[in-house]
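Structure file protein.txt with compact mmCIF, C-alpha atoms and all ligand atoms:
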# COMPACT_ATOMS: atom_id res chain seq x y z
CA MET L 17 34.85 150.88 116.93
CA LYS L 18 35.19 149.55 120.43
CA ILE L 19 32.16 149.42 122.67
CA GLY L 20 32.02 148.84 126.40
CA HIS L 21 30.23 145.51 126.59
CA GLU L 22 30.33 142.33 124.58
CA PRO L 23 27.38 142.70 122.18
CA LEU L 24 24.19 140.90 123.19
CA VAL L 25 21.60 139.76 120.66
CA ILE L 26 18.38 138.16 121.85
CA GLY L 27 15.87 136.39 119.61
CA ASN L 28 12.30 136.54 120.91
CA TRP L 29 10.32 133.87 119.06
CA LYS L 30 7.07 135.11 120.65
CA MET L 31 4.28 132.57 120.00
CA ASN L 32 6.12 130.86 117.12
CA PRO L 33 6.55 128.40 115.47
CA GLN L 34 3.42 126.24 115.57
CA THR L 35 4.87 122.83 116.37
CA ASP L 36 7.64 121.26 118.37
CA THR L 37 9.06 119.75 115.17
CA LEU L 38 9.38 123.19 113.60
CA ALA L 39 10.96 124.57 116.79
CA LYS L 40 13.51 121.77 116.71
CA ARG L 41 14.35 122.51 113.08
CA LEU L 42 14.79 126.23 113.75
CA ALA L 43 17.02 125.52 116.76
CA GLN L 44 19.15 123.16 114.66
CA ASP L 45 19.50 125.76 111.90
CA LEU L 46 20.43 128.42 114.46
CA LYS L 47 23.01 126.22 116.10
CA LYS L 48 24.69 125.73 112.73
CA ALA L 49 24.40 129.37 111.65
CA LEU L 50 25.77 130.71 114.93
CA ALA L 51 28.59 128.23 115.39
CA HIS L 52 31.53 130.63 115.20
CA LYS L 53 30.21 133.84 116.66
CA ASP L 54 31.56 133.48 120.17
CA ASP L 55 32.46 137.13 120.75
CA VAL L 56 28.76 138.03 120.78
CA THR L 57 26.39 136.75 123.46
CA VAL L 58 23.42 135.28 121.61
CA VAL L 59 20.22 134.31 123.41
CA VAL L 60 17.21 132.45 122.04
CA ALA L 61 13.88 132.85 123.85
CA PRO L 62 11.40 130.28 122.52
CA PRO L 63 7.88 129.73 123.88
CA THR L 64 7.93 127.86 127.21
CA THR L 65 6.58 124.68 125.62
CA PHE L 66 9.64 124.46 123.35
CA LEU L 67 12.33 125.18 125.95
CA ALA L 68 13.12 121.50 126.44
CA THR L 69 13.44 120.84 122.72
CA VAL L 70 15.60 123.88 122.04
CA ASP L 71 17.80 123.20 125.06
CA ALA L 72 18.27 119.59 123.92
CA VAL L 73 19.34 120.74 120.44
CA ARG L 74 21.72 123.22 122.00
CA ASN L 75 23.15 120.46 124.17
CA GLY L 76 25.47 122.78 126.09
CA ALA L 77 26.98 124.32 122.95
CA LYS L 78 28.04 127.95 123.31
CA SER L 79 26.45 129.01 120.01
CA PHE L 80 23.51 130.44 121.91
CA ARG L 81 22.15 130.69 125.42
CA MET L 82 18.64 130.01 126.65
CA GLY L 83 16.10 132.76 127.30
CA ALA L 84 12.47 132.92 128.40
CA GLN L 85 9.73 135.38 127.42
CA ASN L 86 8.13 135.74 130.84
CA VAL L 87 8.16 134.35 134.37
CA HIS L 88 6.10 134.41 137.55
CA LYS L 89 7.56 136.11 140.62
CA GLU L 90 6.89 133.12 142.92
CA SER L 91 8.86 129.91 142.65
CA LEU L 92 5.94 127.51 143.11
CA GLY L 93 2.33 127.32 144.22
CA ALA L 94 -1.28 127.77 143.15
CA PHE L 95 -0.75 129.96 140.06
CA THR L 96 -2.59 128.27 137.21
CA GLY L 97 -0.91 128.67 133.84
CA GLU L 98 2.20 130.35 135.21
CA VAL L 99 5.86 129.32 134.95
CA SER L 100 8.46 129.84 137.68
CA LEU L 101 12.16 130.61 137.73
CA PRO L 102 13.24 127.17 139.00
CA MET L 103 11.24 125.63 136.12
CA LEU L 104 12.98 127.87 133.58
CA ARG L 105 16.32 127.14 135.17
CA SER L 106 15.89 123.42 134.64
CA PHE L 107 16.03 124.18 130.90
CA SER L 108 19.24 126.21 131.27
CA VAL L 109 17.48 129.58 131.00
CA GLU L 110 19.81 132.45 131.90
CA TYR L 111 17.95 135.48 130.47
CA VAL L 112 14.32 136.41 131.12
CA ILE L 113 12.47 139.02 129.06
CA ILE L 114 10.26 141.13 131.34
CA GLY L 115 7.60 143.70 130.52
CA HIS L 116 7.51 143.21 126.75
CA SER L 117 5.02 145.69 125.28
CA GLU L 118 2.80 142.83 124.13
CA ARG L 119 2.53 141.73 127.77
CA ARG L 120 2.06 145.29 129.01
CA ALA L 121 -0.74 145.68 126.44
CA ALA L 122 -2.32 142.54 127.94
CA GLY L 123 -2.34 144.18 131.38
CA GLU L 124 1.13 143.68 132.91
CA THR L 125 1.81 146.61 135.22
CA ASP L 126 4.99 148.44 136.24
CA THR L 127 4.59 146.89 139.69
CA GLN L 128 4.49 143.37 138.25
CA VAL L 129 7.50 144.17 136.09
CA ASN L 130 9.36 145.29 139.22
CA GLU L 131 8.40 142.13 141.13
CA LYS L 132 9.64 139.97 138.28
CA VAL L 133 12.90 141.90 137.93
CA THR L 134 13.48 141.53 141.66
CA ALA L 135 12.85 137.77 141.55
CA VAL L 136 14.96 137.16 138.45
CA VAL L 137 17.96 139.11 139.69
CA LYS L 138 17.73 137.54 143.15
CA ALA L 139 17.86 134.11 141.51
CA GLY L 140 21.07 135.13 139.74
CA LEU L 141 19.58 135.28 136.25
CA MET L 142 19.65 138.18 133.80
CA ALA L 143 16.58 140.42 133.64
CA VAL L 144 15.89 141.95 130.21
CA VAL L 145 13.44 144.77 130.85
CA CYS L 146 11.57 146.15 127.85
CA VAL L 147 10.66 149.83 127.83
CA GLY L 148 9.21 151.93 125.04
CA GLU L 149 6.73 154.61 124.11
CA THR L 150 3.56 153.90 122.18
CA LYS L 151 3.95 157.07 120.17
CA ARG L 152 6.21 160.09 119.90
CA ASP L 153 4.94 163.61 120.47
CA HIS L 154 6.58 166.93 119.63
CA GLY L 155 6.75 167.92 123.29
CA ALA L 156 8.81 164.76 123.98
CA HIS L 157 6.46 163.66 126.74
CA TYR L 158 7.31 160.11 125.77
CA LEU L 159 10.64 160.57 127.54
CA GLY L 160 8.68 160.79 130.79
CA ASP L 161 7.06 157.42 130.02
CA ILE L 162 10.43 155.80 129.45
CA GLU L 163 11.83 157.30 132.65
CA ARG L 164 8.82 156.09 134.65
CA GLN L 165 9.06 152.57 133.22
CA ILE L 166 12.74 152.37 134.15
CA ARG L 167 12.38 153.87 137.64
CA GLU L 168 9.48 151.55 138.46
CA ALA L 169 11.23 148.48 137.04
CA VAL L 170 14.38 148.92 139.14
CA LYS L 171 12.73 150.00 142.40
CA GLY L 172 14.58 148.40 145.30
CA LEU L 173 17.34 147.02 143.05
CA SER L 174 20.76 147.55 144.61
CA ARG L 175 23.59 148.85 142.48
CA ALA L 176 25.52 145.64 143.11
CA LYS L 177 22.89 143.88 140.99
CA LEU L 178 23.06 146.18 137.98
CA ALA L 179 25.30 143.84 136.00
CA SER L 180 22.28 141.48 135.93
CA LEU L 181 20.10 144.08 134.27
CA VAL L 182 19.59 144.68 130.56
CA ILE L 183 17.27 147.39 129.24
CA ALA L 184 15.73 146.85 125.82
CA TYR L 185 14.43 150.05 124.27
CA GLU L 186 11.55 148.95 122.08
CA PRO L 187 9.32 151.73 120.77
CA VAL L 188 5.91 150.09 120.44
CA TRP L 189 5.27 151.73 117.06
CA ALA L 190 8.39 150.01 115.68
CA ILE L 191 7.54 146.46 116.79
CA GLY L 192 6.54 144.19 113.94
CA THR L 193 5.76 147.16 111.70
CA GLY L 194 8.85 147.25 109.49
CA GLN L 195 9.33 150.83 110.66
CA ASN L 196 12.48 150.92 112.81
CA ALA L 197 13.62 153.90 114.88
CA THR L 198 16.43 155.83 113.18
CA PRO L 199 19.97 155.30 114.47
CA SER L 200 20.03 158.87 115.81
CA ASP L 201 16.73 158.35 117.68
CA VAL L 202 18.14 155.15 119.11
CA HIS L 203 21.31 156.91 120.19
CA GLU L 204 19.39 159.73 121.83
CA MET L 205 17.28 157.22 123.73
CA LYS L 206 20.31 155.24 124.79
CA LEU L 207 21.78 158.40 126.31
CA PHE L 208 18.47 159.18 127.99
CA ILE L 209 18.26 155.69 129.51
CA GLN L 210 21.86 155.99 130.71
CA LYS L 211 21.09 159.37 132.26
CA THR L 212 18.04 157.97 134.05
CA LEU L 213 20.16 155.14 135.47
CA THR L 214 23.00 157.54 136.31
CA ASP L 215 20.61 159.75 138.29
CA LEU L 216 19.62 156.69 140.29
CA TYR L 217 22.91 154.88 140.72
CA GLY L 218 25.81 157.08 139.64
CA ARG L 219 27.74 156.86 136.41
CA ASN L 220 30.06 153.95 137.16
CA TYR L 221 27.25 151.63 138.15
CA ALA L 222 24.84 152.80 135.46
CA GLN L 223 27.39 151.80 132.84
CA LYS L 224 27.11 148.17 133.89
CA VAL L 225 23.63 147.98 132.37
CA ARG L 226 23.53 146.86 128.76
CA ILE L 227 21.12 148.77 126.55
CA LEU L 228 19.58 147.07 123.52
CA TYR L 229 17.35 148.25 120.72
CA GLY L 230 14.34 146.30 119.44
CA GLY L 231 11.69 147.03 116.82
CA SER L 232 11.86 145.82 113.21
CA VAL L 233 15.57 145.00 113.36
CA ASN L 234 16.64 143.15 110.21
CA PRO L 235 19.90 142.26 108.45
CA LYS L 236 19.74 145.50 106.45
CA ASN L 237 19.33 148.02 109.27
CA ALA L 238 21.20 146.23 112.09
CA GLY L 239 24.71 147.44 111.24
CA GLU L 240 23.76 151.10 111.11
CA ILE L 241 21.65 151.01 114.28
CA MET L 242 24.45 149.24 116.13
CA LYS L 243 27.16 151.62 114.97
CA ASP L 244 25.38 154.99 114.99
CA GLY L 245 22.80 154.13 117.67
CA MET L 246 25.72 152.94 119.83
CA VAL L 247 23.60 150.30 121.53
CA ASP L 248 24.99 147.13 123.07
CA GLY L 249 22.90 144.86 120.85
CA PHE L 250 19.37 143.92 119.84
CA LEU L 251 16.15 142.29 120.87
CA VAL L 252 14.86 140.74 117.66
CA GLY L 253 11.33 139.46 117.02
CA GLY L 254 10.27 138.55 113.48
CA ALA L 255 13.79 138.23 112.03
CA SER L 256 14.80 135.76 114.77
CA LEU L 257 12.53 133.15 113.12
CA SER L 258 14.95 132.88 110.20
CA ALA L 259 18.32 131.37 111.13
CA LYS L 260 19.93 133.14 108.17
CA ASP L 261 18.56 136.59 109.04
CA PHE L 262 19.23 136.20 112.74
CA ALA L 263 22.83 135.11 112.11
CA ALA L 264 23.30 138.12 109.80
CA ILE L 265 22.06 140.43 112.58
CA VAL L 266 24.48 138.78 115.02
CA GLU L 267 27.25 139.33 112.49
CA SER L 268 26.35 143.04 112.28
CA ALA L 269 26.53 143.30 116.05
CA ARG L 270 29.91 141.63 115.91
CA SER L 271 31.25 143.93 113.24
CA VAL L 272 31.38 146.86 115.66
CA LEU L 273 34.07 145.00 117.55
CA VAL L 274 36.56 145.12 114.69
P1 LIG C 1 10.15 142.76 115.81
O1 LIG C 1 9.84 142.52 117.36
O2 LIG C 1 11.63 142.57 115.62
O3 LIG C 1 9.33 141.73 115.10
O4 LIG C 1 9.73 144.16 115.50
C1 LIG C 1 10.71 142.99 118.34
C2 LIG C 1 10.21 142.58 119.71
O5 LIG C 1 8.99 142.63 119.92
O6 LIG C 1 11.01 142.20 120.58

What does this structure look like when you write it as structure tokens?
Ligand code: PGA
Amino acid sequence: MKIGHEPLVIGNWKMNPQTDTLAKRLAQDLKKALAHKDDVTVVVAPPTTFLATVDAVRNGAKSFRMGAQNVHKESLGAFTGEVSLPMLRSFSVEYVIIGHSERRAAGETDTQVNEKVTAVVKAGLMAVVCVGETKRDHGAHYLGDIERQIREAVKGLSRAKLASLVIAYEPVWAIGTGQNATPSDVHEMKLFIQKTLTDLYGRNYAQKVRILYGGSVNPKNAGEIMKDGMVDGFLVGGASLSAKDFAAIVESARSVLV
């Protein structure tokens, strides 16, 4: 099956592993495991403290690209504990995850998500915006939540910038639970996200946005979700901490190309 975009698979290490030595080992294993998968864009988003180590292991190799899990909207100043885009850039970061549900649960608002998207895209980096419902209801009110999250996130974003936007559909109930959304649910949501973007920007521009699925993706379910969910790739949490599992997920994403 042929899909519109080159598949994109992002590994979100979250607050793992515990030491720089372990981060280095994982990066080395990933570099080896991903060596020949160049027709898929693979991104690794380690904790900020390990960016330097992971980038050094990568050493410019194309096996994966650098990602970050969060960013501040300002580029410098009195913002204790925050990290800016120029800082991330100095470790080759090209993709920034924004509005992950774990950050939203800690208080990140739609407005802050929008400010970060605006800053990331303006700086020429890729913004990976996470959206997802906390639970599903029979009246499908959750669709309204997804629509609101998307509309708020892209407020003020011109259509010329849409190629710098990725939407990751991550139902909160599926994250870290081992309970993934079914391929048909994923497909339905992909169409809904595309419709929301089409209403805002028109079909041709909306199609520039890559749509990923995240939530308990593993080597067993990845192929089916990719094929029948018809997404452009994955945002992977837990399984990205194993080079073997992550490489198998990348391989599943790749298999839709042939
Ligand atoms: P999970 O996390 O793969 O461990 O469910 C996904 C995510 O939070 O991005």

Point to revise | Contacts of L:Asp161 within 10 Å, only C-alpha atoms, excl. fewer than 5 positions in-chain, as a ChimeraX atom specification | key: /L:147-150,156,166-167

Check your understanding: Within 8 Å of (21.0, 150.4, 144.8), all atoms listed in the file: residues as a list in words?
Key ->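 Looking at atoms near the point gives Gly172, Leu173, Ser174, Arg175, Ala176, Lys177, Leu216 and Tyr217 of chain L.
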
Exercise for review: Considering all atoms listed in the file, state which residue in the set L:Ala68, L:Ala139, L:Tyr185, L:Pro63 is at the smallest distance from L:Ser91.
Suggested key: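 Result for the nearest residue to L:Ser91: L:Ala139.
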
Exercise for review: May I ask which of the residues L:Val266, L:Ala94, L:Ala49, L:Leu178 is the closest one to L:Val225, counting all atoms listed in the file?
Suggested key: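 When distances to L:Val225 are compared using all atoms listed in the file, the smallest one comes from L:Leu178.
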
Exercise for review: Give the answer as one residue: which of L:Asn237, L:Gln85, L:Ser256, L:Ser232 has the shortest atom-to-atom distance to ligand LIG 1 (chain C), using only C-alpha atoms and all ligand atoms?
Suggested key: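 Among the listed residues, the smallest separation from ligand LIG 1 (chain C) belongs to L:Ser232.
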
Point to revise | Within 8 Å of ligand LIG 1 (chain C) (only C-alpha atoms and all ligand atoms), residues as a PyMOL selection string | key: chain L and resi 27-28+30+116-118+186+190-194+196+230-234+251-256

**Study point:** Atom pair atom CA of L:Ala61 / atom CA of L:Ile26: separation (Å)
**Key:**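 Value for the atom CA of L:Ala61-atom CA of L:Ile26 distance: 7.2 Å.
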
Point to revise | Given all atoms listed in the file as the counted atoms, nearest of L:Ala169, L:Ala179, L:Met142, L:Leu101 to L:Asn220 | key: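 Under the stated criterion, the closest residue is L:Ala179.
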
Check your understanding: Residues at most 10 Å from L:Val56, counting only C-alpha atoms, excluding those fewer than 2 positions away in the same chain, as a ChimeraX atom specification?
Key -> /L:21-25,50,52-54,58-59,79-80,249,266-267,269-271,273

Review point. Out of L:Met205, L:Met82, L:Val188, L:Leu228, which residue has the shortest atom-to-atom distance to L:Val145 when counting only C-alpha atoms?
Key: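 Smallest separation from L:Val145 among the options: L:Leu228.
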
Revision key, fill the gap. Counting only C-alpha atoms, closest pick from L:Gly245, L:Ser180, L:Thr134, L:Ala222 relative to L:Tyr111 is L:Ser180

Exercise for review: Report the distance between atom CA of L:Glu110 and atom CA of L:Cys146 in Å, rounded to one decimal place.
Suggested key: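 Interatomic distance, atom CA of L:Glu110 to atom CA of L:Cys146: 16.5 Å.
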
Check your understanding: Got a sec: who's within 6 Å of stretch 41-45 of chain L, counting only C-alpha atoms, leaving out chain neighbours fewer than 3 positions off, as a list in words?
Key ->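 Once the adjacent positions are removed, what remains is Leu38, Lys48, Val70 and Ala259 of chain L.
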
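In this model, the gap between atom CA of L:His157 and atom CA of L:Phe208 comes to 12.9 Å.
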
Check your understanding: What residues have an atom no more than 7 Å from (18.0, 150.2, 132.1) in the file's own frame, counting all atoms listed in the file, and can you write them as a PyMOL selection string?
Key -> chain L and resi 166+181-183+209+213+225+227

Those residues with C-alpha atoms, as a PDB file, in the coordinates of the input please?
ATOM      1  CA  ILE L 166      12.740 152.370 134.150  1.00  0.00           C
ATOM      2  CA  LEU L 181      20.100 144.080 134.270  1.00  0.00           C
ATOM      3  CA  VAL L 182      19.590 144.680 130.560  1.00  0.00           C
ATOM      4  CA  ILE L 183      17.270 147.390 129.240  1.00  0.00           C
ATOM      5  CA  ILE L 209      18.260 155.690 129.510  1.00  0.00           C
ATOM      6  CA  LEU L 213      20.160 155.140 135.470  1.00  0.00           C
ATOM      7  CA  VAL L 225      23.630 147.980 132.370  1.00  0.00           C
ATOM      8  CA  ILE L 227      21.120 148.770 126.550  1.00  0.00           C
TER       9      ILE L 227
END

Check your understanding: L:Lys40: which residues within 9 Å, counting only C-alpha atoms, same-chain residues fewer than 5 positions away excluded, as number ranges by chain?
Key -> L: 35, 45, 66, 69-70, 72-73
